[in-house]
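Below is query-v8.cif, which holds mmCIF, C-alpha atoms.
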data_protein
#
loop_
_atom_site.label_atom_id
_atom_site.label_comp_id
_atom_site.auth_asym_id
_atom_site.auth_seq_id
_atom_site.Cartn_x
_atom_site.Cartn_y
_atom_site.Cartn_z
CA MET A 15 125.49 82.64 115.28
CA PRO A 16 126.48 79.44 113.40
CA PRO A 17 127.50 76.54 115.72
CA ALA A 18 131.02 76.36 114.24
CA ALA A 19 131.58 80.07 114.86
CA SER A 20 130.29 79.70 118.40
CA VAL A 21 132.70 76.83 119.11
CA THR A 22 135.61 78.82 117.64
CA ASP A 23 134.73 81.87 119.71
CA ARG A 24 134.55 79.81 122.90
CA ALA A 25 137.90 78.20 122.11
CA ALA A 26 139.45 81.62 121.52
CA VAL A 27 138.20 82.88 124.88
CA ALA A 28 139.53 79.73 126.59
CA VAL A 29 143.00 80.11 125.04
CA ASP A 30 143.08 83.82 125.91
CA ARG A 31 142.11 83.19 129.55
CA ALA A 32 144.49 80.24 129.97
CA SER A 33 147.39 82.24 128.52
CA ALA A 34 146.62 85.19 130.79
CA ALA A 35 146.41 82.93 133.86
CA LEU A 36 149.74 81.22 133.08
CA THR A 37 151.39 84.60 132.44
CA ARG A 38 150.22 85.92 135.80
CA LEU A 39 151.46 82.73 137.47
CA ARG A 40 154.87 83.07 135.81
CA ARG A 41 154.95 86.89 136.34
CA ALA A 42 156.61 87.21 132.95
CA ARG A 43 155.92 86.51 129.29
CA LEU A 44 154.19 83.20 128.68
CA LEU A 45 156.64 82.40 125.87
CA HIS A 46 160.35 83.22 125.82
CA PRO A 47 160.43 85.09 129.14
CA ALA A 48 164.24 85.32 129.35
CA GLY A 49 165.81 87.53 126.71
CA ARG A 50 167.94 90.53 125.79
CA SER A 51 166.81 93.37 123.54
CA PHE A 52 168.90 95.61 121.32
CA ALA A 53 168.61 98.53 118.96
CA GLY A 54 169.34 97.26 115.48
CA GLU A 55 169.11 97.79 111.77
CA VAL A 56 167.52 95.82 108.94
CA VAL A 57 168.91 96.16 105.43
CA VAL A 58 166.76 94.68 102.67
CA TRP A 59 168.60 93.86 99.45
CA GLY A 60 165.54 92.52 97.64
CA THR A 61 164.60 88.96 96.82
CA ALA A 62 166.89 87.07 94.46
CA GLY A 63 164.97 85.27 91.73
CA PRO A 64 161.19 85.46 91.29
CA PRO A 65 159.61 88.18 93.44
CA THR A 66 157.42 87.13 96.35
CA GLY A 67 154.82 89.82 95.71
CA VAL A 68 155.54 91.35 99.14
CA PRO A 69 157.13 94.80 98.56
CA LEU A 70 158.91 94.83 101.91
CA LEU A 71 160.80 91.66 100.92
CA ASP A 72 161.28 92.43 97.23
CA ASP A 73 162.33 96.09 97.30
CA ALA A 74 165.65 97.39 98.66
CA GLY A 75 165.52 99.50 101.82
CA ARG A 76 167.13 100.28 105.18
CA PHE A 77 165.16 100.44 108.42
CA PRO A 78 165.82 100.95 112.15
CA ALA A 79 164.83 97.90 114.17
CA THR A 80 164.34 96.51 117.64
CA VAL A 81 165.84 93.04 118.08
CA ARG A 82 165.26 90.52 120.89
CA LEU A 83 167.04 87.19 121.40
CA SER A 84 165.53 84.83 123.93
CA LYS A 85 165.27 81.37 125.45
CA GLY A 86 161.95 79.58 125.32
CA VAL A 87 161.57 77.61 128.58
CA PRO A 88 164.05 79.03 129.74
CA THR A 89 166.72 76.47 130.61
CA PRO A 90 169.72 77.51 132.75
CA GLY A 91 172.83 79.06 131.20
CA ALA A 92 173.93 77.40 127.97
CA TRP A 93 171.65 74.36 128.24
CA PRO A 94 169.75 73.45 125.04
CA ASP A 95 166.50 75.35 124.54
CA VAL A 96 164.18 76.50 121.77
CA LEU A 97 165.82 79.85 121.03
CA GLY A 98 163.91 82.83 119.70
CA LEU A 99 164.63 85.90 117.61
CA ALA A 100 162.14 88.77 117.37
CA VAL A 101 162.73 91.66 114.96
CA ARG A 102 160.53 94.76 114.92
CA LEU A 103 161.17 96.64 111.71
CA HIS A 104 160.17 100.32 112.06
CA ARG A 105 158.80 101.54 108.73
CA GLY A 106 157.69 105.07 109.56
CA PRO A 107 153.96 105.89 109.72
CA GLY A 108 151.76 102.83 110.03
CA ARG A 109 152.23 99.49 111.68
CA PRO A 110 155.70 98.02 112.18
CA PHE A 111 156.65 94.59 110.85
CA ASP A 112 157.15 92.04 113.65
CA LEU A 113 159.11 88.98 112.55
CA LEU A 114 159.26 86.20 115.17
CA VAL A 115 161.35 83.11 114.39
CA SER A 116 162.43 80.11 116.46
CA SER A 117 165.41 77.76 116.28
CA SER A 118 164.67 75.10 113.69
CA GLY A 119 166.25 73.04 110.95
CA ALA A 120 167.16 74.50 107.56
CA ALA A 121 165.93 71.54 105.48
CA PRO A 122 162.37 71.60 104.11
CA LEU A 123 161.14 68.85 106.43
CA LEU A 124 162.59 70.58 109.51
CA ARG A 125 161.85 74.27 108.94
CA ASN A 126 158.37 73.93 110.46
CA LEU A 127 159.63 72.26 113.66
CA PRO A 128 161.00 74.15 116.70
CA LEU A 129 164.28 72.45 117.61
CA PRO A 130 166.29 72.99 120.83
CA ARG A 131 169.95 73.91 120.45
CA ARG A 132 172.80 75.35 122.51
CA ARG A 133 174.15 78.14 120.32
CA PHE A 134 172.43 81.34 119.21
CA VAL A 135 173.97 81.02 115.75
CA GLY A 136 171.96 78.84 113.37
CA THR A 137 168.67 78.70 111.53
CA TYR A 138 165.59 80.45 112.92
CA SER A 139 162.29 79.90 111.08
CA THR A 140 158.76 81.28 111.33
CA ILE A 141 157.75 77.61 111.93
CA MET A 142 154.30 78.39 110.55
CA PRO A 143 153.97 79.19 106.84
CA LEU A 144 152.76 82.61 105.73
CA ARG A 145 150.58 83.36 102.71
CA ALA A 146 151.59 85.69 99.90
CA GLY A 147 148.69 85.47 97.48
CA ARG A 148 148.25 81.74 96.88
CA ARG A 149 151.83 80.88 97.79
CA ARG A 150 153.03 79.55 101.12
CA LEU A 151 156.27 81.10 102.33
CA PHE A 152 158.57 80.62 105.30
CA LEU A 153 160.79 83.44 106.57
CA ALA A 154 164.04 82.79 108.38
CA ALA A 155 167.14 84.28 109.95
CA LEU A 156 170.26 82.34 109.00
CA ALA A 157 173.82 82.36 110.27
CA ASP A 158 176.14 84.88 108.60
CA PRO A 159 179.57 83.20 108.23
CA ASP A 160 181.28 86.61 108.35
CA SER A 161 179.53 87.75 111.55
CA PRO A 162 180.89 87.57 115.11
CA ASP A 163 179.62 84.50 116.98
CA LEU A 164 176.59 85.13 119.21
CA GLY A 165 177.70 82.45 121.68
CA ARG A 166 175.85 79.94 123.85
CA SER A 167 174.10 82.10 126.47
CA LEU A 168 172.28 85.41 126.76
CA ALA A 169 175.32 86.84 128.54
CA GLU A 170 177.51 85.89 125.57
CA VAL A 171 174.98 87.43 123.16
CA THR A 172 175.20 90.69 125.11
CA ALA A 173 179.01 90.58 125.09
CA ALA A 174 179.07 89.96 121.33
CA ALA A 175 176.76 92.91 120.67
CA ARG A 176 178.88 95.14 122.91
CA ALA A 177 182.13 94.16 121.14
CA ASP A 178 180.88 94.29 117.54
CA ALA A 179 177.69 94.31 115.47
CA PRO A 180 176.61 90.67 115.01
CA ARG A 181 174.47 89.96 111.97
CA LEU A 182 171.98 87.39 110.77
CA VAL A 183 170.86 86.90 107.17
CA LEU A 184 167.14 87.21 106.43
CA ALA A 185 165.79 84.72 103.91
CA VAL A 186 162.57 83.45 102.36
CA ALA A 187 161.65 80.02 100.99
CA SER A 188 158.69 78.02 99.80
CA ALA A 189 157.68 74.91 101.73
CA VAL A 190 160.19 72.77 99.79
CA GLY A 191 162.46 75.29 98.03
CA PRO A 192 165.90 76.61 99.01
CA TRP A 193 166.38 79.65 101.22
CA ARG A 194 166.73 82.88 99.22
CA PRO A 195 168.47 85.70 101.14
CA PHE A 196 166.74 89.08 100.91
CA GLY A 197 168.49 91.11 103.64
CA GLN A 198 170.22 91.16 106.99
CA VAL A 199 169.57 92.25 110.57
CA SER A 200 172.37 93.60 112.78
CA LEU A 201 172.49 94.13 116.54
CA GLY A 202 173.54 97.41 118.13
CA GLY A 203 173.37 98.76 121.67
CA GLN A 204 171.51 96.85 124.37
CA LEU A 205 168.18 98.23 125.55
CA SER A 206 167.33 98.48 129.24
CA ALA A 207 165.73 95.62 131.19
CA ARG A 208 162.65 97.81 131.65
CA THR A 209 162.32 98.34 127.91
CA ASP A 210 162.80 94.62 127.30
CA ALA A 211 160.04 93.78 129.77
CA ALA A 212 157.64 96.25 128.14
CA LEU A 213 158.15 95.05 124.58
CA ALA A 214 155.14 93.28 123.08
CA PHE A 215 155.39 91.75 119.62
CA ASP A 216 152.48 90.69 117.41
CA PRO A 217 153.57 88.16 114.75
CA ILE A 218 150.02 87.89 113.40
CA GLY A 219 148.75 91.48 113.28
CA ASN A 220 152.03 93.25 112.50
CA LEU A 221 152.71 91.79 109.06
CA PRO A 222 153.51 93.86 105.97
CA PRO A 223 151.03 94.32 103.13
CA GLY A 224 150.87 91.24 100.94
CA LEU A 225 151.72 88.81 103.73
CA ARG A 226 149.26 87.11 106.10
CA ALA A 227 149.29 84.37 108.70
CA VAL A 228 146.84 81.50 108.26
CA GLY A 229 146.14 78.09 109.76
CA PRO A 230 145.70 76.62 113.25
CA ILE A 231 149.15 77.61 114.55
CA ALA A 232 148.54 81.23 113.56
CA TRP A 233 145.14 81.15 115.28
CA LEU A 234 146.66 79.67 118.45
CA ARG A 235 149.51 82.19 118.52
CA GLU A 236 147.15 85.11 117.99
CA HIS A 237 145.04 84.28 121.04
CA ALA A 238 147.90 83.05 123.24
CA TYR A 239 149.91 86.23 122.63
CA ARG A 240 146.83 88.36 123.22
CA GLY A 241 146.16 86.76 126.60
CA SER A 242 149.80 87.04 127.64
CA ARG A 243 149.96 90.74 126.65
CA ARG A 244 146.76 91.49 128.54
CA ALA A 245 148.02 89.81 131.71
CA ARG A 246 151.30 91.77 131.51
CA GLY A 247 149.52 95.03 130.82
CA ALA A 248 151.55 95.31 127.61
CA VAL A 249 150.27 97.05 124.51
CA VAL A 250 151.39 96.21 120.99
CA GLN A 251 153.01 99.20 119.33
CA SER A 252 150.88 100.09 116.33
CA GLY A 253 152.97 103.04 115.16
CA GLY A 254 156.26 103.01 113.32
CA SER A 255 158.23 105.18 115.73
CA MET A 256 161.17 104.02 117.78
CA GLY A 257 159.16 104.35 120.99
CA VAL A 258 159.26 100.65 121.76
CA THR A 259 157.61 100.77 125.17
CA VAL A 260 154.13 101.90 124.16
#
Spell out the structure here as structure tokens.
Amino acid sequence: MPPAASVTDRAAVAVDRASAALTRLRRARLLHPAGRSFAGEVVVWGTAGPPTGVPLLDDAGRFPATVRLSKGVPTPGAWPDVLGLAVRLHRGPGRPFDLLVSSSGAAPLLRNLPLPRRRFVGTYSTIMPLRAGRRRLFLAALADPDSPDLGRSLAEVTAAARADAPRLVLAVASAVGPWRPFGQVSLGGQLSARTDAALAFDPIGNLPPGLRAVGPIAWLREHAYRGSRRARGAVVQSGGSMGVTV
């Protein structure tokens, strides 16, 4: 085995074991342990302007979804935190599409930085770029000005979903280009606490054809999430059904 590969393999094992140990110590997810999950729907309008080359982003469609909003640390109540949004898009047979985005800035220089904030309305970005062919893309969920406010706490998010169907706009951008909306995600009924605890997302393995995660952040997330899932006894759903607890 080449020395570089050996070092990489040892580092992967170390990250996996450290993540598992911290998860067992916390007795919850390593990242974003406090959250609320909902049934939802994703409507894809298609990408405005030049296509991305990723059919799931470029072609119109409507899909059932599982949506989770969360706090990263988590801080108490409505204190500032790095907020998270996870969307599992169920596409029928085959792997689902797991989109995980964190609170960030909308401007090009800020879309790759996780930024704490108080309110659940705002810009959420993939933070790490994704590859579509030779192009680097960022995906995001943006505030919908016509949607009910999601509020400042998980309790307010739950109340907003119960009263109406809050929405966020899904968008794509290059590293320096403007955001181009391609769809929206809406929240429906809240899922049980047991279902929320069993959910396990994979932002690296569950990507649609034509899109891939690359770079050191993707490598770190892959092994950190794997260790955390193993310590929780959680299994990533590989099918496209609505059975979100498998």
Next item on the list: Can you turn the PyMOL selection byres ((chain A and resi 74) around 10) into a concrete residue list for this file, as a list in words?
Entry: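 Output from the PyMOL selection byres ((chain A and resi 74) around 10), applied to this file: Val57, Val58, Trp59, Gly60, Thr61, Pro69, Leu70, Leu71, Asp72, Asp73, Gly75, Arg76, Phe196 and Gly197 of chain A.
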Next item on the list: Counting only C-alpha atoms, figure out which residue out of A:Ala214, A:Ala227, A:Phe111, A:Trp193 gets nearest to Thr137 in chain A.
Entry: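 Ranked by minimum distance to Thr137 in chain A, first place goes to A:Trp193.
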Notebook entry, point to check: Between A:Asp158, A:Ile231, A:Arg105, A:Arg226, which one has atoms that come closest to Asn126 in chain A, using all atoms listed in the file?
Noted result: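 Nearest to Asn126 in chain A: A:Ile231.
All protein, DNA and RNA residues at most 8 Å from (153.7, 93.6, 111.1) are A:Arg102, A:Arg109, A:Pro110, A:Phe111, A:Asp112, A:Leu113, A:Asp216, A:Pro217, A:Ile218, A:Gly219, A:Asn220, A:Leu221, A:Pro222, using only C-alpha atoms.
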Margin query: Since I can't run it myself right now, could you work out what the PyMOL selection byres ((chain A and resi 164) around 9) selects here and report it as a VMD selection string?
Written below: chain A and resid 133 to 135 161 to 163 165 to 168 170 to 175 180 to 181
Check: Quick one: which residues end up in the PyMOL selection byres ((chain A and resi 152) around 10) for this structure, as a list in words?
Finding: Val115, Pro122, Arg125, Asn126, Ser139, Thr140, Ile141, Met142, Pro143, Leu144, Arg145, Arg150, Leu151, Leu153, Ala154, Ala185, Val186, Ala187, Ser188, Ala189, Val190, Gly191 and Trp193 of chain A
Go ahead and save the residues from that selection, with C-alpha atoms, as a PDB file, in the coordinates of the input.
ATOM      1  CA  VAL A 115     161.350  83.110 114.390  1.00  0.00           C
ATOM      2  CA  PRO A 122     162.370  71.600 104.110  1.00  0.00           C
ATOM      3  CA  ARG A 125     161.850  74.270 108.940  1.00  0.00           C
ATOM      4  CA  ASN A 126     158.370  73.930 110.460  1.00  0.00           C
ATOM      5  CA  SER A 139     162.290  79.900 111.080  1.00  0.00           C
ATOM      6  CA  THR A 140     158.760  81.280 111.330  1.00  0.00           C
ATOM      7  CA  ILE A 141     157.750  77.610 111.930  1.00  0.00           C
ATOM      8  CA  MET A 142     154.300  78.390 110.550  1.00  0.00           C
ATOM      9  CA  PRO A 143     153.970  79.190 106.840  1.00  0.00           C
ATOM     10  CA  LEU A 144     152.760  82.610 105.730  1.00  0.00           C
ATOM     11  CA  ARG A 145     150.580  83.360 102.710  1.00  0.00           C
ATOM     12  CA  ARG A 150     153.030  79.550 101.120  1.00  0.00           C
ATOM     13  CA  LEU A 151     156.270  81.100 102.330  1.00  0.00           C
ATOM     14  CA  LEU A 153     160.790  83.440 106.570  1.00  0.00           C
ATOM     15  CA  ALA A 154     164.040  82.790 108.380  1.00  0.00           C
ATOM     16  CA  ALA A 185     165.790  84.720 103.910  1.00  0.00           C
ATOM     17  CA  VAL A 186     162.570  83.450 102.360  1.00  0.00           C
ATOM     18  CA  ALA A 187     161.650  80.020 100.990  1.00  0.00           C
ATOM     19  CA  SER A 188     158.690  78.020  99.800  1.00  0.00           C
ATOM     20  CA  ALA A 189     157.680  74.910 101.730  1.00  0.00           C
ATOM     21  CA  VAL A 190     160.190  72.770  99.790  1.00  0.00           C
ATOM     22  CA  GLY A 191     162.460  75.290  98.030  1.00  0.00           C
ATOM     23  CA  TRP A 193     166.380  79.650 101.220  1.00  0.00           C
TER      24      TRP A 193
END
Item checked: Distance in Å - CA of Arg246 in chain A versus CA of Leu83 in chain A ->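 Going from CA of Arg246 in chain A over to CA of Leu83 in chain A covers 19.3 Å.
Taking CA of Pro94 in chain A as the reference point, CA of Pro192 in chain A is found at 26.5 Å.
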Margin query: With 6 Å as the threshold, what does the neighbourhood of (165.9, 75.1, 117.2) contain in terms of residues, counting only C-alpha atoms? Coordinates are those of the file; answer as a list in words.
Written below: Val96, Ser117, Ser118, Pro128, Leu129, Pro130 and Arg131 of chain A
